[in-house]
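**Student:** Got a structure for you, written out below as structure tokens; questions coming shortly.
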Amino acid sequence: MEFKDYYKIMQVARDATQDEIKRSCRKLARKYHPDVSKEADAEARFKELGDAYEVLKDTEKRAAYDQFGASYKGGQEFRSPPDWNAGFEFSGGGSTGGDTAGYSDFFTSLFGKNFQGGAAGRASPHAKGEDHHTKVLIDLEDTFQGATRTITLRVSVVDAQGHVVTKDRILNVAIPKGIRAGQHIRLSGQGSPGAGEGKAGDLYLEIEFRPHLLYRVDGRDLYLELPVSPWEAALGATVKVPTLGGIVELKIPEGSISGARCGWRDAV
């Protein structure tokens with residue numbers, strides 16, 4: 001997949017203000033609109049423009065895109081890094097945003113099947129503030145024991161000159177024992193402020209695990225590649241196995257082959 005340089009497509013500098021991006025989009029949209037343009041590639045250019053504007057008009061998406069976009073050039077081979085957006089705080093309710101139908105494969109590889117829309121209009125003068133969400137990476141040991149961790153989130157803001165900048169937001173978070181990848185921690189009142197007397201929104205932390213040196217996680221199960229000698233596999237043996245709860249003894253059945261699985265209940 002080719003990397004898309006949204007700034008080049010939009011014909012603006014990387015430090016362009018939000019107003020400059022909006023003006024350039026209007027100009028290019030008139031030029032490449034398929035109903036009026038005589039350019040041979042007008043339809044493709046118009047679609048690219050839509051992708052680029054969807055990201056660059058949104059300060060949150062733009063800040064996340066800028067994190068790694070500076071390392072690539074348009075047309076370069078690209079593969080979306082895993083958890084590339086971890087630590088960026090987005091407004092909206094997670095998968096309740098619009099879907100990516102009609103957007104490019106590159107756009108979808110970054111923002112998934114559902115991306116976050118901008119702030120929704122409030123229905124009343126005292127409406128609750130908008131919820132925020134982010135993905136955070138924790139160590140596997142944190143879910144086994146439970147822990148309190150200090151996390152740093154990146155929040156995008158527009159400065160006085162109209163440029164998008166990021167600021168750090170530091171929170172102390174209690175990690176519940178037994179939490180699994182994909183589950184959420186809700187921090188009440190840590191989202192957007194409410195209107196008037198309305199309550200602040202909440203912040204939802206989606207949990208993912210950092211890669212572990214020994215274990216692979218699958219739901220509530222852990223997998224460990226355990227090297228054994230040929231004679232242990234052939235004759236059977238009892239070997240010591242490291243688990244998050246300490247060393248346990250595991251019986252290797254006689255006649256075991258490479259790739260066979262042996263289980264230990266309650267090791268995690």
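Chain labels run A, B, ... following the order of the structure tokens; each chain numbers its residues from 1, and ligands are numbered from 1 in the order shown.
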List the spatial neighbours of A:Val173 as a list in words - criterion: any atom at most 10 Å away, only C-alpha atoms, same-chain residues fewer than 5 positions off excluded.
**Tutor:**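 Counting only C-alpha atoms, the residues come to Ala147, Thr148, Arg149, Thr150, Ile151, Ile185, Arg186, Leu187 and Leu205 of chain A.
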**Student:** Any chance you can output those residues with C-alpha atoms as a JSON list (two decimals), in the first residue's frame?
**Tutor:**
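Result went into again_23.json, see below:
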```json
[["chain", "number", "residue", "atom", "x", "y", "z"],
["A", 147, "ALA", "CA", -1.66, -1.83, 39.47],
["A", 148, "THR", "CA", -1.74, 1.94, 39.54],
["A", 149, "ARG", "CA", 0.07, 3.53, 36.62],
["A", 150, "THR", "CA", 0.84, 7.07, 35.47],
["A", 151, "ILE", "CA", -0.10, 7.49, 31.82],
["A", 185, "ILE", "CA", -11.52, 1.63, 31.86],
["A", 186, "ARG", "CA", -13.97, 4.49, 32.38],
["A", 187, "LEU", "CA", -12.70, 7.69, 34.00],
["A", 205, "LEU", "CA", -9.25, 3.88, 28.02]]
```
**Student:** Skipping near chain neighbours, those fewer than 6 positions away, what residues fall within 10 Å of A:Ile257 using only C-alpha atoms, listed as a list in words?
**Tutor:**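 Selected residues are Pro230, Ala233 and Ala234 of chain A.
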**Student:** Could you list, as a PDB file with N, CA and C atoms, in the first residue's frame, every residue within 10 Å of A:His163, counting only C-alpha atoms and ignoring same-chain residues fewer than 6 positions away?
**Tutor:**
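As written to disk, part13.pdb reads:
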```pdb
ATOM      1  N   ARG A  14       3.207  21.605   5.815  1.00  0.00           N
ATOM      2  CA  ARG A  14       2.872  20.780   6.966  1.00  0.00           C
ATOM      3  C   ARG A  14       2.484  21.624   8.185  1.00  0.00           C
ATOM      4  N   ASP A  15       2.956  22.875   8.226  1.00  0.00           N
ATOM      5  CA  ASP A  15       2.601  23.738   9.350  1.00  0.00           C
ATOM      6  C   ASP A  15       1.458  24.692   9.005  1.00  0.00           C
ATOM      7  N   ALA A  16       0.672  24.357   7.987  1.00  0.00           N
ATOM      8  CA  ALA A  16      -0.447  25.208   7.574  1.00  0.00           C
ATOM      9  C   ALA A  16      -1.457  25.333   8.707  1.00  0.00           C
ATOM     10  N   THR A  17      -2.084  26.490   8.784  1.00  0.00           N
ATOM     11  CA  THR A  17      -3.146  26.682   9.766  1.00  0.00           C
ATOM     12  C   THR A  17      -4.412  25.971   9.301  1.00  0.00           C
ATOM     13  N   GLN A  18      -5.356  25.799  10.220  1.00  0.00           N
ATOM     14  CA  GLN A  18      -6.624  25.164   9.861  1.00  0.00           C
ATOM     15  C   GLN A  18      -7.377  25.988   8.821  1.00  0.00           C
ATOM     16  N   ASP A  19      -7.288  27.308   8.890  1.00  0.00           N
ATOM     17  CA  ASP A  19      -7.953  28.160   7.897  1.00  0.00           C
ATOM     18  C   ASP A  19      -7.316  27.996   6.520  1.00  0.00           C
ATOM     19  N   GLU A  20      -5.991  27.867   6.468  1.00  0.00           N
ATOM     20  CA  GLU A  20      -5.313  27.671   5.180  1.00  0.00           C
ATOM     21  C   GLU A  20      -5.714  26.347   4.547  1.00  0.00           C
ATOM     22  N   THR A  59      -8.481  18.282  14.135  1.00  0.00           N
ATOM     23  CA  THR A  59      -7.212  18.476  14.853  1.00  0.00           C
ATOM     24  C   THR A  59      -6.707  17.190  15.484  1.00  0.00           C
ATOM     25  N   VAL A 157      -4.566  20.630  20.289  1.00  0.00           N
ATOM     26  CA  VAL A 157      -5.215  21.925  20.454  1.00  0.00           C
ATOM     27  C   VAL A 157      -4.762  22.835  19.316  1.00  0.00           C
TER      28      VAL A 157
END
```
**Student:** Extract, using only C-alpha atoms, all DNA, RNA and protein residues at most 9 Å from A:Lys251, discarding same-chain residues fewer than 3 positions from it, and format them as an MDAnalysis selection string.
**Tutor:** chainID A and resid 236:240 262
**Student:** Would you mind writing down, as JSON, numbers by chain, each residue of stretch 91-248 of chain A that DSSP on the backbone assigns to strand (DSSP E)?
**Tutor:** {"A": [91, 132, 133, 134, 135, 136, 137, 138, 147, 148, 149, 150, 151, 152, 153, 154, 155, 156, 157, 158, 164, 165, 166, 167, 168, 169, 170, 171, 172, 173, 174, 175, 184, 185, 186, 187, 203, 204, 205, 206, 207, 208, 209, 215, 216, 217, 218, 221, 222, 223, 224, 237, 238, 239, 240, 241, 242, 243, 246, 247, 248]}
